[in-house]
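Dropping start_19.cif in here (mmCIF, C-alpha atoms):
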```
data_target
loop_
_atom_site.label_atom_id
_atom_site.label_comp_id
_atom_site.auth_asym_id
_atom_site.auth_seq_id
_atom_site.Cartn_x
_atom_site.Cartn_y
_atom_site.Cartn_z
CA MET A 27 0.00 0.00 0.00
CA GLN A 28 1.40 3.42 -0.96
CA TYR A 29 0.75 6.72 0.74
CA ASN A 30 1.09 10.21 -0.60
CA ASP A 31 2.86 13.07 1.17
CA ASN A 32 -0.41 14.50 2.51
CA ILE A 33 -0.93 11.44 4.69
CA TYR A 34 2.53 11.79 6.27
CA LYS A 35 1.88 15.51 6.79
CA THR A 36 -1.44 14.69 8.47
CA ILE A 37 0.28 12.23 10.78
CA VAL A 38 3.01 14.69 11.78
CA GLU A 39 0.52 17.49 12.42
CA ASN A 40 -1.81 15.35 14.53
CA ILE A 41 0.53 13.01 16.34
CA GLY A 42 0.25 14.95 19.62
CA GLN A 43 4.04 15.06 19.97
CA ASP A 44 5.69 18.41 19.29
CA ILE A 45 8.05 18.28 16.32
CA PHE A 46 10.55 21.00 15.49
CA VAL A 47 12.73 20.77 12.35
CA SER A 48 15.64 22.94 11.21
CA ASP A 49 18.25 22.72 8.49
CA GLY A 50 21.93 22.01 9.09
CA GLU A 51 22.58 25.63 10.07
CA GLY A 52 19.79 25.81 12.63
CA ASN A 53 17.34 27.67 10.40
CA ILE A 54 13.78 26.62 11.21
CA ILE A 55 11.90 24.96 8.33
CA PHE A 56 8.96 23.29 10.10
CA VAL A 57 7.06 23.29 13.40
CA ASN A 58 3.95 21.21 13.89
CA PRO A 59 0.81 22.46 15.73
CA ALA A 60 1.76 20.67 18.96
CA SER A 61 5.10 22.51 19.07
CA ILE A 62 3.40 25.83 18.35
CA GLU A 63 0.92 25.27 21.17
CA VAL A 64 3.43 24.03 23.74
CA ASN A 65 6.01 26.73 23.12
CA LYS A 66 3.56 29.55 22.34
CA LEU A 67 5.18 30.12 18.94
CA ASP A 68 3.93 32.00 15.95
CA ALA A 69 4.68 29.71 12.99
CA HIS A 70 4.87 32.65 10.58
CA HIS A 71 7.26 34.41 12.97
CA VAL A 72 9.70 31.52 13.41
CA ILE A 73 9.82 29.77 10.01
CA GLY A 74 13.06 30.74 8.27
CA ARG A 75 14.67 32.16 11.40
CA ASN A 76 17.67 30.68 13.17
CA VAL A 77 17.16 28.83 16.45
CA ALA A 78 19.86 31.00 18.05
CA ALA A 79 17.59 34.02 17.60
CA LEU A 80 14.77 32.28 19.50
CA VAL A 81 17.17 31.53 22.35
CA GLU A 82 18.24 35.18 22.45
CA GLU A 83 14.60 36.29 22.49
CA GLY A 84 13.84 33.99 25.41
CA TYR A 85 11.64 31.46 23.65
CA PHE A 86 13.98 28.75 24.98
CA SER A 87 16.60 28.88 27.73
CA GLU A 88 18.89 26.80 25.51
CA SER A 89 18.63 24.75 22.33
CA SER A 90 19.19 21.05 21.79
CA THR A 91 19.20 21.82 18.05
CA LEU A 92 22.29 24.02 18.34
CA LYS A 93 24.02 21.53 20.58
CA ALA A 94 23.29 18.68 18.14
CA ILE A 95 24.88 20.78 15.37
CA GLU A 96 27.97 21.38 17.52
CA ASN A 97 28.31 17.75 18.62
CA ARG A 98 27.18 16.21 15.31
CA ALA A 99 25.33 13.65 17.40
CA PRO A 100 21.96 13.21 19.15
CA VAL A 101 21.67 15.24 22.35
CA SER A 102 19.14 15.95 25.10
CA VAL A 103 19.00 19.07 27.24
CA LEU A 104 16.77 20.48 29.94
CA GLN A 105 15.22 23.72 28.69
CA THR A 106 12.64 26.22 29.87
CA ASN A 107 10.33 27.87 27.36
CA LYS A 108 9.05 31.44 27.34
CA VAL A 109 6.08 30.68 29.61
CA GLY A 110 8.24 28.92 32.21
CA ARG A 111 7.48 25.28 31.39
CA LYS A 112 10.41 22.87 31.63
CA PHE A 113 11.09 20.27 28.96
CA ILE A 114 13.64 17.63 28.12
CA SER A 115 14.37 18.47 24.50
CA SER A 116 16.02 15.86 22.25
CA SER A 117 17.51 16.61 18.82
CA THR A 118 18.78 14.17 16.21
CA PRO A 119 20.91 15.27 13.24
CA LEU A 120 20.40 13.69 9.79
CA PHE A 121 23.35 13.62 7.38
CA ASP A 122 23.53 13.78 3.59
CA HIS A 123 25.77 11.56 1.44
CA ASN A 124 28.67 13.99 1.91
CA GLY A 125 28.51 13.73 5.69
CA ASN A 126 27.02 17.19 6.17
CA ILE A 127 24.08 17.81 8.48
CA SER A 128 20.97 18.28 6.34
CA LEU A 129 18.25 18.32 9.00
CA ILE A 130 17.84 18.47 12.76
CA ILE A 131 14.65 16.84 14.08
CA SER A 132 13.72 17.82 17.62
CA THR A 133 11.06 16.60 20.04
CA SER A 134 10.49 17.30 23.70
CA HIS A 135 8.89 15.85 26.83
CA ASP A 136 7.24 17.93 29.50
CA VAL A 137 9.10 17.52 32.81
CA GLU A 138 5.85 17.82 34.76
CA SER A 139 4.43 14.91 32.78
CA LEU A 140 7.54 12.85 33.48
CA ASN A 141 7.31 13.67 37.17
CA SER A 142 3.67 12.62 37.15
CA LEU A 143 4.68 9.34 35.54
CA PHE A 144 7.32 8.76 38.20
CA GLU A 145 4.77 9.41 40.94
CA THR A 146 2.27 7.03 39.32
CA LEU A 147 4.87 4.29 39.17
CA GLU A 148 5.75 4.85 42.81
CA GLU A 149 2.09 4.72 43.85
CA GLN A 150 1.74 1.39 42.06
CA GLY A 151 4.68 0.04 44.00
CA VAL A 152 6.84 -0.62 40.97
CA GLU A 153 10.24 -1.99 41.96
CA ILE A 154 13.18 -2.62 39.65
CA ALA A 155 15.01 -5.86 40.41
CA THR A 156 18.21 -4.77 38.70
CA LEU A 157 18.31 -1.64 40.82
CA LYS A 158 18.07 -3.76 43.98
CA HIS A 159 21.02 -5.82 42.84
CA GLU A 160 22.89 -2.66 41.92
CA LEU A 161 22.34 -1.18 45.35
CA SER A 162 23.34 -4.31 47.27
CA GLU A 163 26.25 -5.71 45.33
CA SER A 164 27.69 -3.15 42.90
CA VAL A 165 31.44 -2.71 42.98
CA ASP A 166 31.38 0.94 41.84
CA LEU A 167 33.56 0.02 38.85
CA ALA A 168 31.47 0.63 35.76
CA PRO A 169 33.01 -1.25 32.80
CA VAL A 170 32.98 1.71 30.39
CA ASP A 171 36.57 2.87 30.52
CA SER A 172 39.11 0.32 29.23
CA THR A 173 41.03 0.41 32.53
CA SER A 174 37.86 -0.33 34.50
CA ALA A 175 36.93 -3.15 32.12
CA ALA A 176 40.39 -4.70 32.55
CA ILE A 177 40.11 -4.60 36.34
CA ASN A 178 36.64 -6.14 36.20
CA SER A 179 38.14 -8.97 34.18
CA ILE A 180 40.81 -9.51 36.84
CA ILE A 181 38.16 -9.47 39.60
CA THR A 182 36.22 -12.21 37.82
CA LYS A 183 39.34 -14.37 37.53
CA VAL A 184 40.65 -13.99 41.09
CA ALA A 185 37.24 -14.54 42.71
CA SER A 186 37.55 -18.31 42.18
CA ILE A 187 41.02 -18.71 43.67
CA ASP A 188 42.22 -18.62 47.28
CA ALA A 189 45.53 -16.81 46.87
CA PRO A 190 46.09 -13.69 49.00
CA LEU A 191 45.41 -10.44 47.15
CA LEU A 192 46.65 -6.87 47.38
CA ILE A 193 44.33 -4.11 46.19
CA SER A 194 46.10 -0.76 45.93
CA GLY A 195 44.92 2.72 45.04
CA GLU A 196 44.28 6.22 46.29
CA ALA A 197 41.81 6.81 49.09
CA GLY A 198 38.23 6.59 47.88
CA THR A 199 38.87 4.56 44.71
CA GLY A 200 36.67 1.64 45.77
CA LYS A 201 39.20 -0.82 47.20
CA ARG A 202 36.91 -2.11 49.93
CA SER A 203 33.89 -2.57 47.67
CA THR A 204 36.13 -4.38 45.17
CA ALA A 205 37.29 -6.76 47.89
CA ARG A 206 33.67 -7.35 48.86
CA GLU A 207 32.76 -8.05 45.24
CA ILE A 208 35.58 -10.62 44.97
CA HIS A 209 34.29 -12.38 48.08
CA LEU A 210 30.67 -12.37 46.90
CA SER A 211 31.65 -13.68 43.46
CA GLY A 212 33.67 -16.65 44.74
CA LYS A 213 33.05 -19.97 46.43
CA ARG A 214 33.36 -18.35 49.89
CA LYS A 215 30.36 -16.04 49.34
CA ASP A 216 28.20 -17.83 51.96
CA MET A 217 30.96 -17.71 54.58
CA PRO A 218 32.02 -14.79 56.82
CA LEU A 219 33.42 -11.57 55.36
CA ILE A 220 35.25 -9.62 58.07
CA THR A 221 37.24 -6.38 57.92
CA ILE A 222 39.93 -5.13 60.30
CA ASN A 223 41.74 -1.79 60.25
CA CYS A 224 45.52 -2.22 60.59
CA SER A 225 46.31 1.45 61.24
CA THR A 226 45.67 1.43 65.00
CA PRO A 227 48.62 2.72 67.09
CA ASP A 228 47.99 0.06 69.76
CA THR A 229 50.07 -2.92 68.62
CA GLU A 230 48.94 -5.22 71.43
CA LEU A 231 45.28 -4.51 70.77
CA LEU A 232 45.70 -5.19 67.05
CA ASP A 233 47.51 -8.45 67.86
CA VAL A 234 44.55 -9.63 69.93
CA GLU A 235 41.96 -8.43 67.42
CA LEU A 236 43.72 -10.16 64.55
CA PHE A 237 45.11 -13.36 66.08
CA GLY A 238 43.22 -13.68 69.37
CA ALA A 239 44.62 -14.24 72.86
CA GLU A 240 45.04 -16.88 75.57
CA THR A 241 45.12 -15.88 79.22
CA TYR A 242 45.46 -18.09 82.30
CA SER A 243 43.59 -17.63 85.58
CA ASP A 244 43.03 -20.07 88.42
CA GLY A 245 44.34 -22.91 86.31
CA HIS A 246 41.93 -22.20 83.48
CA VAL A 247 42.69 -21.01 79.98
CA HIS A 248 40.53 -18.14 78.72
CA ILE A 249 40.45 -17.93 74.94
CA THR A 250 39.64 -14.82 72.93
CA LYS A 251 39.25 -15.52 69.25
CA GLY A 252 40.68 -13.11 66.69
CA ARG A 253 39.37 -12.02 63.30
CA ILE A 254 41.29 -14.73 61.43
CA GLU A 255 39.39 -17.43 63.37
CA PHE A 256 36.06 -15.68 63.03
CA ALA A 257 36.61 -15.49 59.27
CA ASP A 258 37.50 -19.21 59.00
CA GLY A 259 36.20 -20.48 55.66
CA GLY A 260 35.58 -16.95 54.48
CA THR A 261 37.55 -13.79 53.78
CA LEU A 262 39.43 -11.30 55.95
CA ILE A 263 39.97 -7.80 54.56
CA LEU A 264 43.03 -6.06 56.01
CA ASN A 265 42.49 -2.34 55.54
CA ASP A 266 45.59 -0.08 55.46
CA ILE A 267 47.96 -3.04 55.68
CA GLY A 268 50.88 -0.69 55.11
CA GLU A 269 50.32 0.65 58.65
CA MET A 270 50.52 -2.79 60.31
CA PRO A 271 53.29 -2.96 62.97
CA TYR A 272 56.37 -4.83 61.77
CA ASN A 273 56.19 -7.68 64.35
CA LEU A 274 52.58 -8.42 63.34
CA GLN A 275 53.63 -8.45 59.71
CA THR A 276 55.88 -11.39 60.59
CA LYS A 277 53.00 -13.27 62.26
CA LEU A 278 50.75 -12.60 59.28
CA LEU A 279 53.41 -13.88 56.86
CA THR A 280 53.68 -17.08 58.91
CA TYR A 281 49.93 -17.59 58.66
CA ILE A 282 49.91 -17.01 54.88
CA GLU A 283 52.77 -19.46 54.39
CA THR A 284 51.62 -22.21 56.78
CA GLY A 285 47.89 -21.69 57.33
CA THR A 286 48.52 -21.57 61.07
CA PHE A 287 49.02 -18.83 63.68
CA THR A 288 49.54 -18.49 67.41
CA ARG A 289 47.29 -16.49 69.67
CA SER A 290 48.81 -13.76 71.81
CA GLY A 291 49.98 -15.48 75.02
CA GLY A 292 49.52 -18.93 73.48
CA THR A 293 51.94 -21.58 72.26
CA THR A 294 49.77 -23.95 70.24
CA PRO A 295 49.50 -23.34 66.47
CA ILE A 296 45.90 -22.76 65.35
CA LYS A 297 44.67 -23.69 61.88
CA ALA A 298 42.25 -21.51 59.90
CA ASP A 299 41.17 -21.45 56.27
CA THR A 300 40.80 -17.72 55.80
CA ARG A 301 41.50 -15.89 52.58
CA ILE A 302 43.45 -12.65 52.99
CA ILE A 303 42.65 -9.57 50.91
CA ALA A 304 44.90 -6.64 51.83
CA LEU A 305 44.11 -3.02 51.00
CA SER A 306 46.70 -0.30 50.71
CA ASN A 307 47.09 3.23 49.46
CA THR A 308 49.73 3.78 46.82
CA GLY A 309 53.42 3.47 47.67
CA LEU A 310 53.52 0.08 49.45
CA LYS A 311 56.10 -1.29 46.99
CA GLU A 312 58.42 1.62 47.75
CA ARG A 313 57.94 1.06 51.49
CA ALA A 314 58.86 -2.60 51.03
CA SER A 315 61.94 -1.61 49.03
CA ASN A 316 63.25 0.75 51.72
CA GLY A 317 62.50 -1.62 54.61
CA ALA A 318 59.49 0.21 56.07
CA PHE A 319 57.29 -2.78 55.19
CA LYS A 320 58.31 -6.44 55.27
CA LYS A 321 59.39 -7.31 51.73
CA GLU A 322 58.49 -11.01 52.02
CA LEU A 323 54.96 -10.14 53.12
CA TYR A 324 54.58 -7.69 50.24
CA TYR A 325 55.37 -10.39 47.69
CA ALA A 326 53.20 -12.94 49.53
CA ILE A 327 50.08 -10.79 49.31
CA ASN A 328 50.85 -9.40 45.87
CA SER A 329 50.35 -12.63 43.92
CA VAL A 330 47.74 -10.97 41.69
CA PRO A 331 48.16 -7.18 41.97
CA ILE A 332 45.05 -5.05 41.51
CA THR A 333 45.49 -1.30 41.27
CA MET A 334 42.30 0.75 41.45
CA PRO A 335 42.46 3.75 39.10
CA ALA A 336 41.76 7.25 40.34
CA LEU A 337 38.47 8.67 39.13
CA ARG A 338 40.28 11.33 37.09
CA GLU A 339 41.83 8.45 35.10
CA ARG A 340 38.47 6.85 34.27
CA LYS A 341 36.27 9.82 33.41
CA ALA A 342 34.33 7.79 30.85
CA ASP A 343 32.78 6.01 33.86
CA ILE A 344 31.52 9.20 35.54
CA PRO A 345 28.09 9.29 33.79
CA CYS A 346 27.39 5.66 34.70
CA LEU A 347 28.66 6.06 38.26
CA SER A 348 26.68 9.28 38.73
CA ARG A 349 23.47 7.51 37.76
CA LEU A 350 24.37 4.60 40.04
CA TYR A 351 24.76 6.93 43.03
CA LEU A 352 21.60 8.76 41.98
CA SER A 353 19.73 5.43 41.98
CA ARG A 354 20.94 4.81 45.50
CA CYS A 355 19.67 8.22 46.57
CA ASN A 356 16.31 7.51 44.94
CA ALA A 357 16.04 4.29 46.94
CA LYS A 358 17.26 5.94 50.14
CA TYR A 359 14.97 8.97 50.00
CA GLY A 360 11.99 7.39 48.23
CA GLU A 361 12.02 9.71 45.21
CA ARG A 362 12.72 9.37 41.49
CA LYS A 363 15.02 12.21 40.46
CA ILE A 364 16.93 12.32 37.18
CA ILE A 365 20.17 14.07 36.23
CA THR A 366 20.58 16.38 33.25
CA SER A 367 23.28 16.19 30.61
CA GLY A 368 24.53 19.58 31.80
CA ALA A 369 25.04 18.16 35.29
CA ILE A 370 26.89 15.17 33.87
CA ALA A 371 29.14 17.59 31.94
CA VAL A 372 30.04 19.46 35.13
CA LEU A 373 30.74 16.21 36.97
CA SER A 374 32.90 14.93 34.12
CA SER A 375 35.04 18.09 34.12
CA HIS A 376 35.90 17.92 37.84
CA ASN A 377 39.26 16.47 38.92
CA TRP A 378 37.85 14.43 41.88
CA PRO A 379 40.74 14.37 44.36
CA GLY A 380 38.43 12.45 46.70
CA ASN A 381 37.59 9.91 43.98
CA LEU A 382 34.42 7.79 44.32
CA ILE A 383 33.69 8.98 47.85
CA GLU A 384 33.71 12.60 46.74
CA LEU A 385 31.51 11.83 43.73
CA SER A 386 29.01 9.91 45.83
CA GLN A 387 28.83 12.71 48.40
CA ALA A 388 28.47 15.35 45.69
CA ILE A 389 25.52 13.47 44.18
CA GLU A 390 23.83 13.04 47.55
CA SER A 391 24.40 16.67 48.56
CA THR A 392 22.98 17.89 45.26
CA TYR A 393 20.09 15.45 45.59
CA ILE A 394 19.16 16.90 48.98
CA MET A 395 19.52 20.50 47.76
CA THR A 396 17.36 19.95 44.65
CA ASP A 397 13.63 20.42 45.15
CA SER A 398 12.57 19.37 41.66
CA HIS A 399 12.97 16.01 39.93
CA MET A 400 15.77 17.41 37.76
CA ILE A 401 19.35 17.75 39.01
CA SER A 402 20.92 20.60 37.07
CA GLY A 403 24.48 21.54 36.19
CA GLU A 404 24.17 24.81 38.10
CA THR A 405 23.33 23.02 41.36
CA ILE A 406 26.15 20.50 40.89
CA TYR A 407 28.54 23.38 40.20
CA SER A 408 27.52 25.24 43.36
CA ILE A 409 28.04 22.08 45.45
CA LEU A 410 31.50 21.47 44.00
CA TYR A 411 32.82 25.02 43.86
CA GLY A 412 30.65 27.05 46.20
CA SER A 413 27.90 29.58 45.67
CA ALA A 414 28.49 32.60 43.50
CA SER A 415 26.54 34.74 45.97
CA ASP A 416 29.45 35.26 48.32
CA GLU A 417 31.20 38.60 48.05
CA ASP A 418 34.55 37.07 47.14
CA SER A 419 33.29 34.14 45.09
CA ASN A 420 34.02 35.77 41.74
CA LYS A 421 37.52 36.85 42.66
CA ILE A 422 40.36 35.06 40.90
CA LEU A 423 42.95 33.69 43.29
CA CYS A 424 46.62 33.66 42.31
CA THR A 425 48.39 30.71 43.94
CA ASP A 426 51.70 30.89 42.10
CA ILE A 427 53.92 33.26 40.12
CA ILE A 428 53.83 32.50 36.38
CA PRO A 429 54.33 34.63 33.25
CA LEU A 430 51.39 36.97 32.70
CA LYS A 431 50.88 35.68 29.15
CA GLU A 432 50.60 32.10 30.43
CA ALA A 433 48.19 33.19 33.20
CA LYS A 434 45.91 34.89 30.66
CA LYS A 435 45.97 31.78 28.48
CA GLN A 436 45.03 29.50 31.40
CA LEU A 437 42.26 31.83 32.56
CA GLU A 438 40.78 32.06 29.06
CA GLU A 439 40.76 28.28 28.67
CA GLN A 440 39.28 27.59 32.10
CA LEU A 441 36.55 30.25 31.88
CA VAL A 442 35.32 29.23 28.45
CA LYS A 443 35.43 25.50 29.14
CA ARG A 444 33.62 25.94 32.46
CA ALA A 445 30.89 28.14 30.94
CA TYR A 446 30.34 25.64 28.14
CA GLU A 447 30.21 22.70 30.57
CA VAL A 448 27.69 24.41 32.84
CA TYR A 449 25.40 25.97 30.21
CA GLY A 450 25.68 23.37 27.47
CA THR A 451 25.92 25.55 24.33
CA THR A 452 28.41 28.03 22.93
CA TYR A 453 25.59 30.56 22.53
CA LYS A 454 24.64 30.49 26.19
CA ALA A 455 28.31 30.44 27.27
CA ALA A 456 28.97 33.49 25.07
CA GLU A 457 26.01 35.29 26.65
CA ILE A 458 27.31 34.64 30.16
CA LEU A 459 30.88 35.59 29.26
CA LYS A 460 29.65 38.64 27.29
CA VAL A 461 31.55 37.72 24.11
CA ASP A 462 30.56 36.61 20.61
CA GLN A 463 29.52 32.99 20.08
CA SER A 464 32.24 32.64 17.45
CA THR A 465 34.83 33.61 20.07
CA VAL A 466 33.70 30.82 22.39
CA SER A 467 33.75 28.29 19.55
CA LYS A 468 37.27 29.30 18.50
CA ILE A 469 38.61 29.07 22.08
CA LEU A 470 37.01 25.66 22.62
CA LYS A 471 38.53 24.42 19.38
CA LYS A 472 41.90 25.96 20.28
CA TYR A 473 42.15 24.15 23.62
CA LYS A 474 40.41 20.92 22.62
#
```
Can the structure from this file be put into C-alpha cells for me?
Amino acid sequence: MQYNDNIYKTIVENIGQDIFVSDGEGNIIFVNPASIEVNKLDAHHVIGRNVAALVEEGYFSESSTLKAIENRAPVSVLQTNKVGRKFISSSTPLFDHNGNISLIISTSHDVESLNSLFETLEEQGVEIATLKHELSESVDLAPVDSTSAAINSIITKVASIDAPLLISGEAGTGKRSTAREIHLSGKRKDMPLITINCSTPDTELLDVELFGAETYSDGHVHITKGRIEFADGGTLILNDIGEMPYNLQTKLLTYIETGTFTRSGGTTPIKADTRIIALSNTGLKERASNGAFKKELYYAINSVPITMPALRERKADIPCLSRLYLSRCNAKYGERKIITSGAIAVLSSHNWPGNLIELSQAIESTYIMTDSHMISGETIYSILYGSASDEDSNKILCTDIIPLKEAKKQLEEQLVKRAYEVYGTTYKAAEILKVDQSTVSKILKKYK
C-alpha cells in the first residue's frame, strides 16, 4: 500500500508530539501544531529564522538543536520555554551523502508529565530488580573505561582462587567494595566476610583483634578468638595493611605461608582457612623496598596485583557512576530524580581528588539540595565550587607566580570550558561571558 505526502503531513501534524525541524545551520523549516501550542510560537514568525535568535529572544533557555549541530550527534537538554514550562528536548541530526548535516529533528517531553509518571509508578509500588542488585552488590567500577573493564576482568578471575590479594589505590577509589565483590563472586560467598583496620597505634590490641589471645587464671585457659578465626572459611579484609606494625607483619606472613598462627599469650598453632585480601594506598612497593614494610609479606600478598584507578583516570565512567549513586539516593529517599546532561558535563570536568567517595557525596548533597525532579548543572557546580553569591566568590585567586601571558591563556581556557560545561551551548556560554559565540567556539577548538 502506498501513501502520498499528505498522509505523512497529516500524521506529523496530529501526532500529539511536538516536532521541530531545522536545516543544518539551525534555520527553522517546520514546526507542527503541537510545538506551536506548547512553546507559544507564531509559525509565521519563526519559520526561516535561526534557532539561536529564538534563544536570544527567550523562547527557549537553551537549544538542543544548536548543541546537536555542535556535537554532530543526538543530544538531550533540559530547557525552559518562554512561559516557564520545563522540557527535556532531544535533537537528532540527519546527514547527507557527503557527511554534512541536512536536518535536525527535535522533540520534547514535558518535565511535569515525566514527574507525574514517576509518581504514578511509585504509587503502584513498581520496583526494579536490577536496581536492587545494583544497590546491594555493585562494585562501583562501571566497565565503560578500558582500565575499568580490565580490572573487572581480573576481579572475575581472582574470585575463584584462594591466593592472597593486594588491592592498591588512592583513598576513595573503591578498594573495599572491590574486595567485597571478589568475596561475593567466589566460592566463599556464603561464609564470613570480616574487615579489620591495621592502622591502629595500639600494637597489642591489634595483635589480639587479629590473632586472638590466651590468658590463664586459676588454672583455666581463657580464649579470645581473633578475626582470622572468626573469618575461618571466608575472607578477611586487612584495611591499610601498610600501617601494620612490623612484628605483626611477621605473624601474618607465617599464617599465609603455613595456614597456622599463634594467639597472643599462646603456644599452640591454630589452623584456619581464611582468605586474605589486603588493601593499601599507593606506595607500598616503595615502602617494602626501603624496609618500612616487610618485603616477604609484600610479595606474599601481591600474587595478583590489583590497582584501582583514580576517578580522574576513568572519566568515561563518571556518567554511569553518577546515575548509580543517583539510583541509591532515589532508593534511600523514596524519590525518582533524574540528572541532566549539563550536570553530567560538570561532573565529568571535575578532577575528583576524593575519587568515588567525593563523587558519591556530591551526588547526595545535590540530591538533597534539589527540590525538583531534575538535578541541574548549576546546582552541581555550586556544590563542588561554592555559591556565587558570596562577596569574594568571583575573585580570581593567584596561587603561584607564572608569566602573565601564560596566566591569561590558562584563565581564558578555564573560563570558556567551564561556561560551556555548565550551560551546554556556545551561545549560552557566550552570553554569560559577554563575548561573541564565534569567540567561544574558537577558544574551545583551540584548547580541545
Enumerate, as a PyMOL selection string, the residues matched when the PyMOL selection byres ((chain A and resi 368) around 10) is run on the file above. chain A and resi 102-104+365-367+369-374+401-404+406+446-451
Spatial neighbours of Tyr272 in chain A, 8 Å, all atoms listed in the file, chain gap at least 2 places, as a ChimeraX atom specification: /A:270,274-276,319-320
Nearest residue to Ile55 in chain A from the set A:Thr465, A:Ser375, A:Ser128, A:Thr284 (distances using all atoms listed in the file):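 Of the candidates, the smallest distance to Ile55 in chain A is held by A:Ser128.
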Grab the CA of Ile177 in chain A to CA of Ile332 in chain A distance for me, in Å with one decimal place.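 So the answer is 7.2 Å.
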Nearest to Ile282 in chain A among A:Glu322, A:Glu207, A:Asp122, A:Glu438, with distances taken over all atoms listed in the file: which residue is it?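 Nearest to Ile282 in chain A: A:Glu322.
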Go through A:Ile327, A:Val47, A:Leu305, A:Ala94 and flag the residue nearest Ile73 in chain A, using all atoms listed in the file for the distances. A:Val47
Using only C-alpha atoms, which residue out of A:Thr452, A:Thr250, A:Gln436, A:Thr308 lies closest to Thr199 in chain A?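 Nearest candidate to Thr199 in chain A out of A:Thr452, A:Thr250, A:Gln436, A:Thr308: A:Thr308.
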